[in-house]
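**Q** My structure is stored as model12.pdb, with PDB, C-alpha atoms and all ligand atoms.
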ATOM      1  CA  MET F   1       6.755  -0.729   8.844
ATOM      2  CA  LEU F   2       6.399   0.238   5.191
ATOM      3  CA  TYR F   3       5.926  -2.674   2.805
ATOM      4  CA  ILE F   4       6.596  -1.472  -0.693
ATOM      5  CA  GLY F   5       7.516  -3.038  -4.011
ATOM      6  CA  SER F   6       6.732  -3.203  -7.701
ATOM      7  CA  HIS F   7       5.620  -5.777 -10.230
ATOM      8  CA  ILE F   8       8.313  -8.398 -10.813
ATOM      9  CA  SER F   9       8.650 -10.934 -13.614
ATOM     10  CA  ALA F  10       7.727 -14.455 -12.533
ATOM     11  CA  ALA F  11       9.618 -16.047 -15.433
ATOM     12  CA  LYS F  12      12.539 -17.294 -13.310
ATOM     13  CA  GLY F  13      10.589 -18.509 -10.313
ATOM     14  CA  TYR F  14      10.013 -17.450  -6.722
ATOM     15  CA  GLU F  15      13.546 -17.204  -5.377
ATOM     16  CA  ALA F  16      14.513 -15.045  -8.353
ATOM     17  CA  MET F  17      11.538 -12.785  -7.658
ATOM     18  CA  GLY F  18      12.555 -12.420  -4.016
ATOM     19  CA  LYS F  19      16.139 -11.557  -4.945
ATOM     20  CA  GLN F  20      14.992  -9.097  -7.570
ATOM     21  CA  ALA F  21      12.700  -7.431  -5.011
ATOM     22  CA  LEU F  22      15.630  -7.010  -2.627
ATOM     23  CA  LYS F  23      17.700  -5.474  -5.421
ATOM     24  CA  LEU F  24      14.988  -2.859  -5.936
ATOM     25  CA  GLY F  25      14.857  -2.072  -2.211
ATOM     26  CA  ALA F  26      11.461  -3.772  -1.938
ATOM     27  CA  ASN F  27      10.027  -5.926   0.846
ATOM     28  CA  THR F  28       6.903  -7.045  -0.995
ATOM     29  CA  PHE F  29       6.033  -7.347  -4.677
ATOM     30  CA  ALA F  30       3.393  -8.195  -7.220
ATOM     31  CA  PHE F  31       3.682 -10.767  -9.963
ATOM     32  CA  PHE F  32       1.447 -12.167 -12.649
ATOM     33  CA  THR F  33       0.414 -15.691 -11.736
ATOM     34  CA  ARG F  34       0.813 -16.534 -15.430
ATOM     35  CA  ASN F  35       1.436 -14.676 -18.655
ATOM     36  CA  PRO F  36      -0.746 -11.546 -18.335
ATOM     37  CA  ARG F  37      -2.454 -12.510 -21.553
ATOM     38  CA  GLY F  38      -3.417 -15.885 -20.066
ATOM     39  CA  GLY F  39      -2.050 -19.249 -21.069
ATOM     40  CA  LYS F  40      -0.676 -22.049 -19.000
ATOM     41  CA  ALA F  41       1.192 -21.305 -15.766
ATOM     42  CA  LYS F  42       4.584 -22.736 -14.886
ATOM     43  CA  GLU F  43       4.308 -25.651 -12.485
ATOM     44  CA  ILE F  44       5.499 -24.943  -8.964
ATOM     45  CA  ASP F  45       9.028 -26.002  -8.023
ATOM     46  CA  GLU F  46       8.698 -26.699  -4.309
ATOM     47  CA  GLU F  47      12.411 -26.306  -3.606
ATOM     48  CA  ASP F  48      12.394 -22.926  -5.312
ATOM     49  CA  VAL F  49       9.371 -21.906  -3.223
ATOM     50  CA  GLY F  50      11.137 -23.154  -0.073
ATOM     51  CA  ARG F  51      14.181 -20.986  -0.790
ATOM     52  CA  PHE F  52      11.906 -18.025  -1.441
ATOM     53  CA  LEU F  53       9.974 -18.496   1.791
ATOM     54  CA  ALA F  54      13.249 -18.552   3.756
ATOM     55  CA  LEU F  55      14.446 -15.394   2.034
ATOM     56  CA  ALA F  56      11.115 -13.621   2.579
ATOM     57  CA  LYS F  57      11.232 -14.524   6.259
ATOM     58  CA  GLU F  58      14.847 -13.441   6.669
ATOM     59  CA  HIS F  59      14.066 -10.048   5.117
ATOM     60  CA  SER F  60      10.655  -9.614   6.823
ATOM     61  CA  PHE F  61       8.679  -9.365   3.605
ATOM     62  CA  GLY F  62       5.097  -8.195   3.797
ATOM     63  CA  LYS F  63       2.265 -10.003   2.081
ATOM     64  CA  LEU F  64       2.664 -10.537  -1.649
ATOM     65  CA  VAL F  65       0.001  -9.189  -3.969
ATOM     66  CA  ALA F  66      -0.222 -11.625  -6.880
ATOM     67  CA  HIS F  67      -2.149 -10.396  -9.908
ATOM     68  CA  ALA F  68      -4.440 -12.512 -12.064
ATOM     69  CA  PRO F  69      -3.979 -12.145 -15.828
ATOM     70  CA  TYR F  70      -5.739  -8.949 -16.853
ATOM     71  CA  THR F  71      -7.456 -10.708 -19.736
ATOM     72  CA  MET F  72      -9.427 -12.800 -17.276
ATOM     73  CA  ASN F  73     -13.062 -11.701 -17.446
ATOM     74  CA  ALA F  74     -15.199 -13.463 -14.872
ATOM     75  CA  CYS F  75     -18.361 -11.716 -16.071
ATOM     76  CA  ALA F  76     -17.998 -12.138 -19.819
ATOM     77  CA  ALA F  77     -21.136 -12.847 -21.803
ATOM     78  CA  LYS F  78     -19.554 -15.873 -23.479
ATOM     79  CA  GLU F  79     -19.495 -19.070 -21.469
ATOM     80  CA  ASP F  80     -16.062 -20.149 -22.809
ATOM     81  CA  ILE F  81     -14.475 -16.909 -21.581
ATOM     82  CA  ARG F  82     -16.059 -17.394 -18.176
ATOM     83  CA  ARG F  83     -14.864 -21.001 -18.135
ATOM     84  CA  PHE F  84     -11.317 -19.764 -18.787
ATOM     85  CA  ALA F  85     -11.696 -17.321 -15.867
ATOM     86  CA  ARG F  86     -13.010 -20.080 -13.589
ATOM     87  CA  GLU F  87     -10.224 -22.503 -14.484
ATOM     88  CA  THR F  88      -7.531 -19.839 -14.278
ATOM     89  CA  MET F  89      -8.667 -18.647 -10.873
ATOM     90  CA  ALA F  90      -8.993 -22.171  -9.503
ATOM     91  CA  ASP F  91      -5.517 -23.124 -10.743
ATOM     92  CA  ASP F  92      -3.963 -19.860  -9.534
ATOM     93  CA  LEU F  93      -5.484 -20.282  -6.076
ATOM     94  CA  ARG F  94      -4.221 -23.856  -5.919
ATOM     95  CA  ARG F  95      -0.678 -22.639  -6.705
ATOM     96  CA  MET F  96      -0.970 -19.676  -4.310
ATOM     97  CA  GLU F  97      -1.235 -22.142  -1.427
ATOM     98  CA  TYR F  98       2.465 -23.010  -1.872
ATOM     99  CA  THR F  99       3.119 -19.505  -0.501
ATOM    100  CA  PRO F 100       0.414 -19.447   2.171
ATOM    101  CA  GLY F 101      -1.363 -16.397   3.484
ATOM    102  CA  ASN F 102      -0.824 -13.970   0.627
ATOM    103  CA  TYR F 103      -3.126 -11.954  -1.648
ATOM    104  CA  TYR F 104      -4.532 -12.717  -5.090
ATOM    105  CA  ASN F 105      -5.815  -9.583  -6.798
ATOM    106  CA  PHE F 106      -8.056  -9.557  -9.852
ATOM    107  CA  HIS F 107     -10.089  -7.166 -11.967
ATOM    108  CA  PRO F 108     -13.778  -7.918 -11.291
ATOM    109  CA  GLY F 109     -14.437  -7.868 -15.031
ATOM    110  CA  SER F 110     -16.316  -6.145 -17.844
ATOM    111  CA  HIS F 111     -20.008  -6.890 -18.287
ATOM    112  CA  VAL F 112     -19.805  -6.216 -22.048
ATOM    113  CA  GLY F 113     -23.310  -4.882 -22.420
ATOM    114  CA  GLN F 114     -25.121  -7.275 -20.088
ATOM    115  CA  GLY F 115     -25.445  -4.554 -17.476
ATOM    116  CA  SER F 116     -23.483  -4.252 -14.254
ATOM    117  CA  ASP F 117     -26.013  -6.193 -12.155
ATOM    118  CA  VAL F 118     -25.623  -9.255 -14.376
ATOM    119  CA  GLY F 119     -21.847  -8.711 -14.402
ATOM    120  CA  MET F 120     -21.584  -8.529 -10.627
ATOM    121  CA  ALA F 121     -23.671 -11.686 -10.254
ATOM    122  CA  LEU F 122     -21.530 -13.611 -12.763
ATOM    123  CA  THR F 123     -18.273 -12.590 -11.098
ATOM    124  CA  ALA F 124     -19.622 -13.559  -7.679
ATOM    125  CA  GLU F 125     -20.761 -16.881  -9.148
ATOM    126  CA  ILE F 126     -17.213 -17.705 -10.244
ATOM    127  CA  LEU F 127     -15.885 -16.743  -6.814
ATOM    128  CA  ASN F 128     -18.466 -18.999  -5.193
ATOM    129  CA  GLU F 129     -17.439 -21.868  -7.453
ATOM    130  CA  THR F 130     -13.750 -21.321  -6.831
ATOM    131  CA  LEU F 131     -13.071 -20.222  -3.254
ATOM    132  CA  LYS F 132     -12.438 -22.982  -0.738
ATOM    133  CA  PRO F 133     -12.992 -22.833   3.033
ATOM    134  CA  GLU F 134      -9.507 -24.238   3.667
ATOM    135  CA  GLN F 135      -7.570 -21.752   1.509
ATOM    136  CA  THR F 136      -5.180 -19.331   3.232
ATOM    137  CA  THR F 137      -5.108 -16.877   0.322
ATOM    138  CA  THR F 138      -7.277 -13.765   0.425
ATOM    139  CA  VAL F 139      -8.762 -12.808  -2.947
ATOM    140  CA  LEU F 140      -8.848  -9.072  -3.622
ATOM    141  CA  LEU F 141     -11.215  -7.191  -5.896
ATOM    142  CA  GLU F 142      -9.373  -4.276  -7.464
ATOM    143  CA  THR F 143     -11.042  -0.850  -7.536
ATOM    144  CA  MET F 144     -11.515  -0.048 -11.226
ATOM    145  CA  SER F 145     -11.520   3.218 -13.184
ATOM    146  CA  GLY F 146     -14.814   2.462 -14.936
ATOM    147  CA  LYS F 147     -13.446   2.402 -18.471
ATOM    148  CA  GLY F 148     -15.641   0.598 -20.964
ATOM    149  CA  SER F 149     -18.090  -1.682 -19.170
ATOM    150  CA  GLU F 150     -15.910  -2.447 -16.143
ATOM    151  CA  ILE F 151     -17.666  -3.481 -12.968
ATOM    152  CA  GLY F 152     -16.182  -2.459  -9.615
ATOM    153  CA  ARG F 153     -16.135   1.139 -10.895
ATOM    154  CA  ASN F 154     -17.158   2.513  -7.525
ATOM    155  CA  PHE F 155     -17.235   1.411  -3.897
ATOM    156  CA  GLU F 156     -20.951   0.543  -4.104
ATOM    157  CA  GLU F 157     -20.352  -1.995  -6.877
ATOM    158  CA  LEU F 158     -17.458  -3.592  -5.002
ATOM    159  CA  ARG F 159     -19.670  -3.910  -1.942
ATOM    160  CA  LYS F 160     -22.398  -5.544  -4.036
ATOM    161  CA  ILE F 161     -19.981  -8.138  -5.399
ATOM    162  CA  LEU F 162     -18.629  -8.848  -1.912
ATOM    163  CA  ASP F 163     -22.162  -9.278  -0.581
ATOM    164  CA  LEU F 164     -22.845 -11.978  -3.180
ATOM    165  CA  VAL F 165     -19.825 -14.051  -2.127
ATOM    166  CA  GLU F 166     -20.455 -16.838   0.359
ATOM    167  CA  LEU F 167     -16.952 -17.160   1.855
ATOM    168  CA  GLN F 168     -16.771 -13.544   3.027
ATOM    169  CA  ASP F 169     -13.603 -14.032   5.073
ATOM    170  CA  LYS F 170     -11.635 -15.031   1.940
ATOM    171  CA  MET F 171     -12.304 -11.668   0.270
ATOM    172  CA  GLY F 172     -10.809  -8.186   0.399
ATOM    173  CA  VAL F 173     -10.204  -5.112  -1.742
ATOM    174  CA  CYS F 174      -7.096  -3.600  -3.341
ATOM    175  CA  LEU F 175      -7.269   0.162  -3.836
ATOM    176  CA  ASP F 176      -5.544   1.428  -6.986
ATOM    177  CA  THR F 177      -4.871   5.162  -6.647
ATOM    178  CA  CYS F 178      -4.937   5.762 -10.419
ATOM    179  CA  HIS F 179      -8.165   3.824 -10.806
ATOM    180  CA  VAL F 180     -10.088   5.515  -7.977
ATOM    181  CA  TRP F 181      -8.902   8.940  -9.198
ATOM    182  CA  ASP F 182      -9.952   8.137 -12.758
ATOM    183  CA  GLY F 183     -13.147   6.727 -11.268
ATOM    184  CA  GLY F 184     -13.982  10.113  -9.714
ATOM    185  CA  TYR F 185     -12.717   9.913  -6.116
ATOM    186  CA  ASP F 186     -10.734  13.053  -5.331
ATOM    187  CA  ILE F 187      -7.828  11.650  -3.337
ATOM    188  CA  VAL F 188      -5.883  14.875  -3.974
ATOM    189  CA  ASN F 189      -8.242  17.293  -2.225
ATOM    190  CA  ASP F 190     -10.263  14.899  -0.114
ATOM    191  CA  LEU F 191      -8.400  11.732   0.800
ATOM    192  CA  ASP F 192     -10.129  11.637   4.194
ATOM    193  CA  GLY F 193     -13.543  11.891   2.541
ATOM    194  CA  THR F 194     -12.673   9.137   0.070
ATOM    195  CA  LEU F 195     -11.536   6.802   2.833
ATOM    196  CA  LYS F 196     -14.625   7.680   4.884
ATOM    197  CA  LYS F 197     -16.769   6.761   1.871
ATOM    198  CA  PHE F 198     -14.823   3.527   1.491
ATOM    199  CA  ASP F 199     -15.331   2.753   5.161
ATOM    200  CA  GLU F 200     -19.064   3.464   5.080
ATOM    201  CA  THR F 201     -19.628   1.527   1.849
ATOM    202  CA  ILE F 202     -17.254  -1.420   2.128
ATOM    203  CA  GLY F 203     -15.473  -1.171   5.482
ATOM    204  CA  LEU F 204     -11.797  -0.300   5.812
ATOM    205  CA  ASP F 205     -11.179  -3.711   7.385
ATOM    206  CA  ARG F 206     -11.695  -5.138   3.874
ATOM    207  CA  LEU F 207      -8.915  -2.964   2.429
ATOM    208  CA  LYS F 208      -5.841  -5.184   2.149
ATOM    209  CA  ALA F 209      -3.465  -3.593  -0.376
ATOM    210  CA  ILE F 210      -2.667  -0.413  -2.300
ATOM    211  CA  HIS F 211      -1.656  -0.109  -5.947
ATOM    212  CA  MET F 212       0.203   3.189  -5.990
ATOM    213  CA  ASN F 213       0.146   4.797  -9.408
ATOM    214  CA  ASP F 214      -0.079   8.353 -10.638
ATOM    215  CA  SER F 215      -2.554   9.017 -13.451
ATOM    216  CA  MET F 216      -2.067  10.577 -16.869
ATOM    217  CA  ASN F 217      -5.641  11.823 -16.825
ATOM    218  CA  PRO F 218      -7.824  14.185 -14.782
ATOM    219  CA  LEU F 219     -10.231  13.240 -11.979
ATOM    220  CA  GLY F 220     -13.190  11.186 -13.196
ATOM    221  CA  SER F 221     -11.761  10.559 -16.669
ATOM    222  CA  HIS F 222     -12.451   6.778 -16.554
ATOM    223  CA  LYS F 223      -9.313   6.170 -18.590
ATOM    224  CA  ASP F 224      -6.853   4.002 -16.565
ATOM    225  CA  ARG F 225      -3.506   5.201 -17.880
ATOM    226  CA  HIS F 226      -0.849   4.921 -15.162
ATOM    227  CA  GLU F 227       1.884   7.533 -14.786
ATOM    228  CA  LYS F 228       5.132   7.597 -12.827
ATOM    229  CA  ILE F 229       4.881   8.728  -9.195
ATOM    230  CA  GLY F 230       4.654  12.523  -9.036
ATOM    231  CA  GLN F 231       4.537  13.010 -12.802
ATOM    232  CA  GLY F 232       0.793  12.760 -13.341
ATOM    233  CA  LYS F 233      -2.419  14.522 -12.387
ATOM    234  CA  ILE F 234      -2.430  13.108  -8.843
ATOM    235  CA  GLY F 235       1.023  14.393  -7.947
ATOM    236  CA  LEU F 236       3.636  13.621  -5.349
ATOM    237  CA  LYS F 237       2.013  15.452  -2.444
ATOM    238  CA  ALA F 238      -1.136  13.319  -2.647
ATOM    239  CA  MET F 239       0.972  10.153  -2.953
ATOM    240  CA  GLU F 240       2.802  11.182   0.209
ATOM    241  CA  GLU F 241      -0.531  11.634   2.003
ATOM    242  CA  VAL F 242      -1.748   8.192   0.905
ATOM    243  CA  LEU F 243       1.532   6.667   2.022
ATOM    244  CA  ASN F 244       1.301   8.266   5.455
ATOM    245  CA  HIS F 245      -2.431   8.100   6.094
ATOM    246  CA  PRO F 246      -2.945   6.569   9.553
ATOM    247  CA  LYS F 247      -5.729   4.294   8.243
ATOM    248  CA  LEU F 248      -3.520   2.846   5.505
ATOM    249  CA  GLN F 249      -0.492   1.813   7.538
ATOM    250  CA  GLY F 250       0.834  -1.733   7.222
ATOM    251  CA  LEU F 251      -0.821  -2.426   3.872
ATOM    252  CA  PRO F 252       1.471  -3.616   1.057
ATOM    253  CA  VAL F 253       2.043  -0.765  -1.428
ATOM    254  CA  ILE F 254       2.632  -1.924  -5.003
ATOM    255  CA  LEU F 255       3.930   0.277  -7.824
ATOM    256  CA  GLU F 256       2.486  -0.357 -11.275
ATOM    257  CA  THR F 257       4.048   2.722 -12.792
ATOM    258  CA  PRO F 258       5.473   2.744 -16.339
ATOM    259  CA  ASN F 259       9.106   2.125 -15.355
ATOM    260  CA  ASP F 260      12.096  -0.116 -15.826
ATOM    261  CA  ASP F 261      13.872  -1.662 -12.822
ATOM    262  CA  ALA F 262      16.022   1.428 -12.247
ATOM    263  CA  GLY F 263      12.902   3.600 -12.276
ATOM    264  CA  TRP F 264      11.166   1.388  -9.730
ATOM    265  CA  ALA F 265      14.228   1.325  -7.463
ATOM    266  CA  LYS F 266      14.212   5.132  -7.543
ATOM    267  CA  GLU F 267      10.495   5.372  -6.775
ATOM    268  CA  ILE F 268      10.804   2.886  -3.919
ATOM    269  CA  MET F 269      13.672   4.918  -2.460
ATOM    270  CA  LEU F 270      11.717   8.158  -2.893
ATOM    271  CA  LEU F 271       8.580   6.787  -1.242
ATOM    272  CA  ARG F 272      10.584   5.287   1.601
ATOM    273  CA  SER F 273      12.105   8.712   2.213
ATOM    274  CA  LEU F 274       8.603  10.247   2.326
ATOM    275  CA  HIS F 275       7.210   7.690   4.779
ATOM    276  CA  ARG F 276       7.074   9.242   8.215
TER
HETATM  277 FE    FE M 301      -4.754  -4.430 -11.867
HETATM  278 FE    FE M 302      -3.770  -1.779 -10.325
HETATM  279 ZN    ZN M 303      -4.702   0.229 -14.193
END
Before we go any further, please render this structure as structure tokens.
Ligand code: FE
Ligand code: FE
Ligand code: ZN

**A**
Amino acid sequence: MLYIGSHISAAKGYEAMGKQALKLGANTFAFFTRNPRGGKAKEIDEEDVGRFLALAKEHSFGKLVAHAPYTMNACAAKEDIRRFARETMADDLRRMEYTPGNYYNFHPGSHVGQGSDVGMALTAEILNETLKPEQTTTVLLETMSGKGSEIGRNFEELRKILDLVELQDKMGVCLDTCHVWDGGYDIVNDLDGTLKKFDETIGLDRLKAIHMNDSMNPLGSHKDRHEKIGQGKIGLKAMEEVLNHPKLQGLPVILETPNDDAGWAKEIMLLRSLHR
């Protein structure tokens, strides 16, 4: 079963997101848990969530891959920015429990000159303050391209962060194809080698979701500029290999390509046609 979808606006609530996903030919999706630039989240409407859960069940949706606001920086140097990250994550995880058993993906953060060891420790500290033994949501660290002072720029750093988290079974990783490519992993010529590296460093059992994006920039550029599927430096053939790799089957595949709804519907159809 291929679970594929794109980012969908959360402005109109859960049922609207589910219906929009179906319109695009999707059976999973990503959404920002609040305005991507932060701010207060909409309170949960339990009836709306109930209608969504019924729809998701009826159409056999895969796990959702919610995305934390990308301004959240759990390893900022300033305490008030870290407090915002802590409060945002805690509130997001509380709201995620209305749709149990899904994924909450976030960018591990930027250490802004403190050094990656300090950054990794600060991010793990927020996770340790926020994760709860009773939660059903799995929190995913996203693989980053290594632009600026991002932590999680390679598999070793992700493993280090994971090792510092107490509630290990609440954690996983989301692999972003654009980010790992920009980060220097050659998924075009050596997808097997990249996945072997991932397995040896982190463990493929920790890999829970894929962000499928082409990249505007060459291997190892550390840029993080997404491109439409097949129109960037990664190319369609490599996307097809990722999609069909035996070790990646069953994971939700999320498009974060620069598209409108029609563009996403087309990419979803294309990738479905390439899934063997
Ligand atoms: Fe992301
Ligand atoms: Fe991503
Ligand atoms: Zn990105």

**Q** Please enumerate the residues selected by the PyMOL selection byres (((chain F and resi 191-207) around 7) and not hetatm) when evaluated against the supplied file, formatted as an MDAnalysis selection string.

**A** chainID F and resid 155:156 159 172:174 185:190 208:209

**Q** What does the structure give for the distance between atom CA of Leu251 of chain F and atom CA of His222 of chain F, in Å to one decimal?

**A**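 For atom CA of Leu251 of chain F relative to atom CA of His222 of chain F, the distance reads 25.2 Å.
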
**Q** Under the PyMOL selection byres (((not hetatm)) within 12 of (chain M and resi 301)), which residues of this model are included? Write them out as a ChimeraX atom specification.

**A** /F:7,30-32,36,65-72,104-109,140-145,152,173-180,209-213,224-226,254-257

**Q** Report as a PyMOL selection string all protein, DNA and RNA residues lying within 6 Å of Thr130 of chain F, evaluated on all atoms listed in the file, omitting residues in the same chain fewer than 2 positions from it.

**A** chain F and resi 90+127-128

**Q** Counting all atoms listed in the file, which residue out of F:Ile234, F:Val49, F:Ile4, F:Met216 sits closest to ligand ZN 303 (chain M)?

**A**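 Of F:Ile234, F:Val49, F:Ile4, F:Met216, the one nearest ligand ZN 303 (chain M) is F:Met216, counting all atoms listed in the file.
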